[in-house]
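Worksheet: one structure, shown below.
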Amino acid sequence: MGEYVEGHDTPLSSDLQMTRAVDDTSGRVAQRRRTRRAIVDATMQLLAEGAEPSIGDIAARADVSRRTIYLYFPAIDQLLLDAAVGLANADIDTVLDTVTTDDPKKRLSTLIDELYRTMAGTLPIGRKLIKLTVDLPAPDPDQPRRGYRRIGWLEWAVAPIRERLAESTYEDLVSGLALVIGWEAFIVLLDVRALTPEKARGVTESAAHALVDAALRSG
């Protein structure tokens with residue numbers, strides 16, 4: 001039986017209840033992503049100013065509690081590394097803002113170009129960030145350990161086709177792209193396949209484009 005809501009003559013359908021539940025979950029995830037971004041952005045600002053920020057400094061700049069920072073970053077080393085990577089990739093958002101095409105493949109190619117421009121030079125940071133992530137305690141079930149910046153870029157890239165895809169297909173597309181674009185895939189291509197950064201970039205682009213094509217076929 002559907003949920004009764006004051007002001008409605010009939011109970012809400014199960015489909016509507018499900019839609020509301022999805023919206024509530026999406027809202028919580030979006031809020032957590034905004035909070036995490038505020039913490040990292042505050043850390044980036046402090047690092048750019050030449051500071052060696054403490055948890056108290058970061059909390060004050062982000063306007064959050066120290067407890068909130070520890071909730072998202074149990075290890076301050078991970079936060080500092082995440083912020084350092086953010087500084088290294090600071091120009092990516094600027095470049096993406098200039099993109100006018102609605103072709104998701106072209107958007108992804110631009111994103112991949114920008115990531116690979118700095119990825120080889122900052123590889124030691126990427127390796128350490130992955131190690132710190134693996135060593136962290138398990139987060140809440142719907143709480144990512146890291147990667148909000150990457151997911152934001154990927155969602156931007158495929159935004160023009162989102163309305164053409166079922167919700168599950170869209171979510172699978174973003175997840176698949178996160179699997180082939182980023183530090184983890186880059187390290188596999190270098191360490192396991194012994195590719196050059198240039199060759200790795202081509203493989204990454206081909207895989208990303210194939211995922212878009214598959215999603216569009218699924219609809």
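Starting from 1 in every chain, residues are counted up; chains themselves are A, B, ... following the order of the structure tokens, and ligands are numbered from 1 as listed.
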
Could you pull out the helix (DSSP H, G or I) residues of chain A, going by DSSP on the backbone, and write them as number ranges by chain?
A: 14-48, 55-62, 66-72, 76-88, 90-97, 104-119, 123-135, 148-164, 167-180, 183-191, 197-218

Can you write just those residues out, C-alpha atoms, as a compact mmCIF listing (two decimals), in the first residue's frame?
```
# COMPACT_ATOMS: atom_id res chain seq x y z
CA SER A 14 5.21 2.79 -4.93
CA ASP A 15 6.94 4.35 -7.96
CA LEU A 16 6.61 7.82 -6.49
CA GLN A 17 7.85 6.61 -3.12
CA MET A 18 10.86 5.07 -4.86
CA THR A 19 11.53 8.33 -6.76
CA ARG A 20 11.46 10.29 -3.52
CA ALA A 21 13.83 7.81 -1.87
CA VAL A 22 16.26 8.12 -4.79
CA ASP A 23 16.04 11.92 -4.65
CA ASP A 24 16.73 11.90 -0.90
CA THR A 25 19.75 9.63 -1.37
CA SER A 26 21.06 11.74 -4.26
CA GLY A 27 20.66 14.86 -2.14
CA ARG A 28 22.68 13.38 0.71
CA VAL A 29 25.42 12.24 -1.65
CA ALA A 30 25.55 15.68 -3.28
CA GLN A 31 25.79 17.38 0.13
CA ARG A 32 28.62 15.10 1.20
CA ARG A 33 30.42 15.83 -2.05
CA ARG A 34 30.05 19.59 -1.49
CA THR A 35 31.36 19.29 2.07
CA ARG A 36 34.32 17.20 0.97
CA ARG A 37 35.10 19.66 -1.80
CA ALA A 38 34.94 22.60 0.61
CA ILE A 39 37.49 20.86 2.87
CA VAL A 40 39.88 20.09 0.01
CA ASP A 41 39.48 23.55 -1.53
CA ALA A 42 40.28 25.17 1.83
CA THR A 43 43.40 23.00 2.12
CA MET A 44 44.44 23.91 -1.42
CA GLN A 45 44.09 27.62 -0.60
CA LEU A 46 46.25 27.27 2.50
CA LEU A 47 48.91 25.29 0.63
CA ALA A 48 48.93 27.84 -2.18
CA ILE A 55 43.39 20.47 11.08
CA GLY A 56 42.31 23.60 13.00
CA ASP A 57 43.49 25.88 10.18
CA ILE A 58 41.62 23.84 7.57
CA ALA A 59 38.45 23.65 9.67
CA ALA A 60 38.44 27.42 10.13
CA ARG A 61 38.98 28.11 6.43
CA ALA A 62 36.33 25.57 5.32
CA ARG A 66 37.42 19.37 13.15
CA ARG A 67 35.20 16.31 13.62
CA THR A 68 33.77 16.79 10.12
CA ILE A 69 37.25 16.84 8.62
CA TYR A 70 38.19 13.61 10.40
CA LEU A 71 34.92 12.07 9.17
CA TYR A 72 35.97 12.63 5.56
CA ILE A 76 45.50 14.24 7.31
CA ASP A 77 48.22 12.98 4.94
CA GLN A 78 45.50 11.89 2.52
CA LEU A 79 43.86 15.32 2.70
CA LEU A 80 47.16 17.11 2.07
CA LEU A 81 47.96 14.83 -0.87
CA ASP A 82 44.47 15.25 -2.31
CA ALA A 83 44.89 19.01 -2.07
CA ALA A 84 48.36 18.83 -3.66
CA VAL A 85 46.91 16.89 -6.59
CA GLY A 86 44.17 19.49 -6.82
CA LEU A 87 46.76 22.24 -7.11
CA ALA A 88 48.59 20.29 -9.82
CA ALA A 90 44.06 23.47 -11.04
CA ASP A 91 44.09 24.41 -14.71
CA ILE A 92 41.76 21.57 -15.73
CA ASP A 93 38.58 23.33 -14.61
CA THR A 94 39.68 26.45 -16.48
CA VAL A 95 40.18 24.46 -19.68
CA LEU A 96 36.89 22.59 -19.32
CA ASP A 97 35.05 25.87 -18.88
CA PRO A 104 30.71 13.50 -24.87
CA LYS A 105 33.61 11.82 -26.67
CA LYS A 106 35.24 15.15 -27.49
CA ARG A 107 34.67 16.30 -23.91
CA LEU A 108 36.29 13.13 -22.61
CA SER A 109 39.23 13.54 -24.99
CA THR A 110 39.80 17.06 -23.69
CA LEU A 111 39.64 15.86 -20.09
CA ILE A 112 42.04 12.98 -20.79
CA ASP A 113 44.47 15.34 -22.54
CA GLU A 114 44.52 17.64 -19.52
CA LEU A 115 44.92 14.81 -17.02
CA TYR A 116 47.76 13.20 -18.93
CA ARG A 117 49.52 16.54 -19.25
CA THR A 118 50.48 16.37 -15.56
CA MET A 119 49.90 12.74 -14.60
CA LEU A 123 53.03 9.90 -10.50
CA PRO A 124 54.75 9.55 -7.08
CA ILE A 125 51.93 11.58 -5.52
CA GLY A 126 49.36 9.37 -7.22
CA ARG A 127 50.98 6.21 -5.93
CA LYS A 128 51.11 7.53 -2.39
CA LEU A 129 47.49 8.74 -2.54
CA ILE A 130 46.32 5.27 -3.58
CA LYS A 131 48.32 3.63 -0.77
CA LEU A 132 46.85 6.00 1.80
CA THR A 133 43.36 5.31 0.46
CA VAL A 134 43.82 1.55 0.73
CA ASP A 135 45.11 1.87 4.29
CA TYR A 148 34.85 13.52 -5.95
CA ARG A 149 36.85 15.73 -8.32
CA ARG A 150 37.20 12.97 -10.90
CA ILE A 151 33.51 12.09 -10.72
CA GLY A 152 32.58 15.74 -11.19
CA TRP A 153 34.68 15.92 -14.36
CA LEU A 154 33.22 12.69 -15.71
CA GLU A 155 29.66 13.81 -15.00
CA TRP A 156 30.42 17.05 -16.84
CA ALA A 157 31.73 15.12 -19.85
CA VAL A 158 28.63 12.98 -20.28
CA ALA A 159 26.05 15.55 -19.14
CA PRO A 160 24.84 16.23 -22.73
CA ILE A 161 23.60 12.63 -23.11
CA ARG A 162 22.26 12.07 -19.60
CA GLU A 163 18.61 12.56 -20.60
CA ARG A 164 19.00 9.91 -23.28
CA GLU A 167 19.38 6.21 -14.67
CA SER A 168 21.08 2.85 -14.16
CA THR A 169 22.83 3.11 -17.53
CA TYR A 170 24.06 6.60 -16.70
CA GLU A 171 25.39 5.53 -13.30
CA ASP A 172 27.11 2.52 -14.87
CA LEU A 173 28.67 4.79 -17.49
CA VAL A 174 30.14 7.12 -14.88
CA SER A 175 31.40 4.14 -12.89
CA GLY A 176 32.97 2.60 -15.99
CA LEU A 177 34.67 5.86 -16.91
CA ALA A 178 36.01 6.18 -13.36
CA LEU A 179 37.54 2.74 -13.85
CA VAL A 180 39.51 3.70 -16.98
CA TRP A 183 45.58 7.17 -11.33
CA GLU A 184 44.64 3.52 -10.93
CA ALA A 185 44.24 2.83 -14.65
CA PHE A 186 47.33 4.88 -15.50
CA ILE A 187 49.48 2.89 -13.07
CA VAL A 188 48.15 -0.42 -14.41
CA LEU A 189 48.99 0.59 -17.97
CA LEU A 190 52.51 1.62 -16.94
CA ASP A 191 53.32 -1.16 -14.47
CA PRO A 197 52.44 7.62 -21.11
CA GLU A 198 51.60 8.50 -24.72
CA LYS A 199 50.42 4.97 -25.51
CA ALA A 200 48.54 4.78 -22.22
CA ARG A 201 46.71 7.97 -23.13
CA GLY A 202 45.53 6.43 -26.41
CA VAL A 203 44.28 3.28 -24.69
CA THR A 204 42.45 5.36 -22.09
CA GLU A 205 40.73 7.44 -24.76
CA SER A 206 39.68 4.38 -26.78
CA ALA A 207 38.25 2.67 -23.69
CA ALA A 208 36.35 5.80 -22.63
CA HIS A 209 34.83 6.25 -26.08
CA ALA A 210 33.81 2.58 -26.19
CA LEU A 211 31.98 2.98 -22.88
CA VAL A 212 30.03 5.96 -24.24
CA ASP A 213 29.06 4.02 -27.36
CA ALA A 214 27.91 1.06 -25.28
CA ALA A 215 25.82 3.29 -23.01
CA LEU A 216 24.13 4.97 -25.98
CA ARG A 217 23.26 1.57 -27.46
CA SER A 218 21.72 0.51 -24.15
```

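Separating atom CA of A:Ile181 from atom CA of A:Asp102 is a distance of 19.6 Å.
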
As a check of understanding: the span from atom CA of A:Gly50 to atom CA of A:Asp63 is 19.9 Å

Using only C-alpha atoms, the shortest atom-to-atom distance to A:Ala120 among A:Gly182, A:Pro53, A:Pro144, A:Gly219 belongs to A:Gly182

Rounded to one decimal place, report the atom CA of A:Val99-atom CA of A:Glu49 distance in Å.
29.4 Å
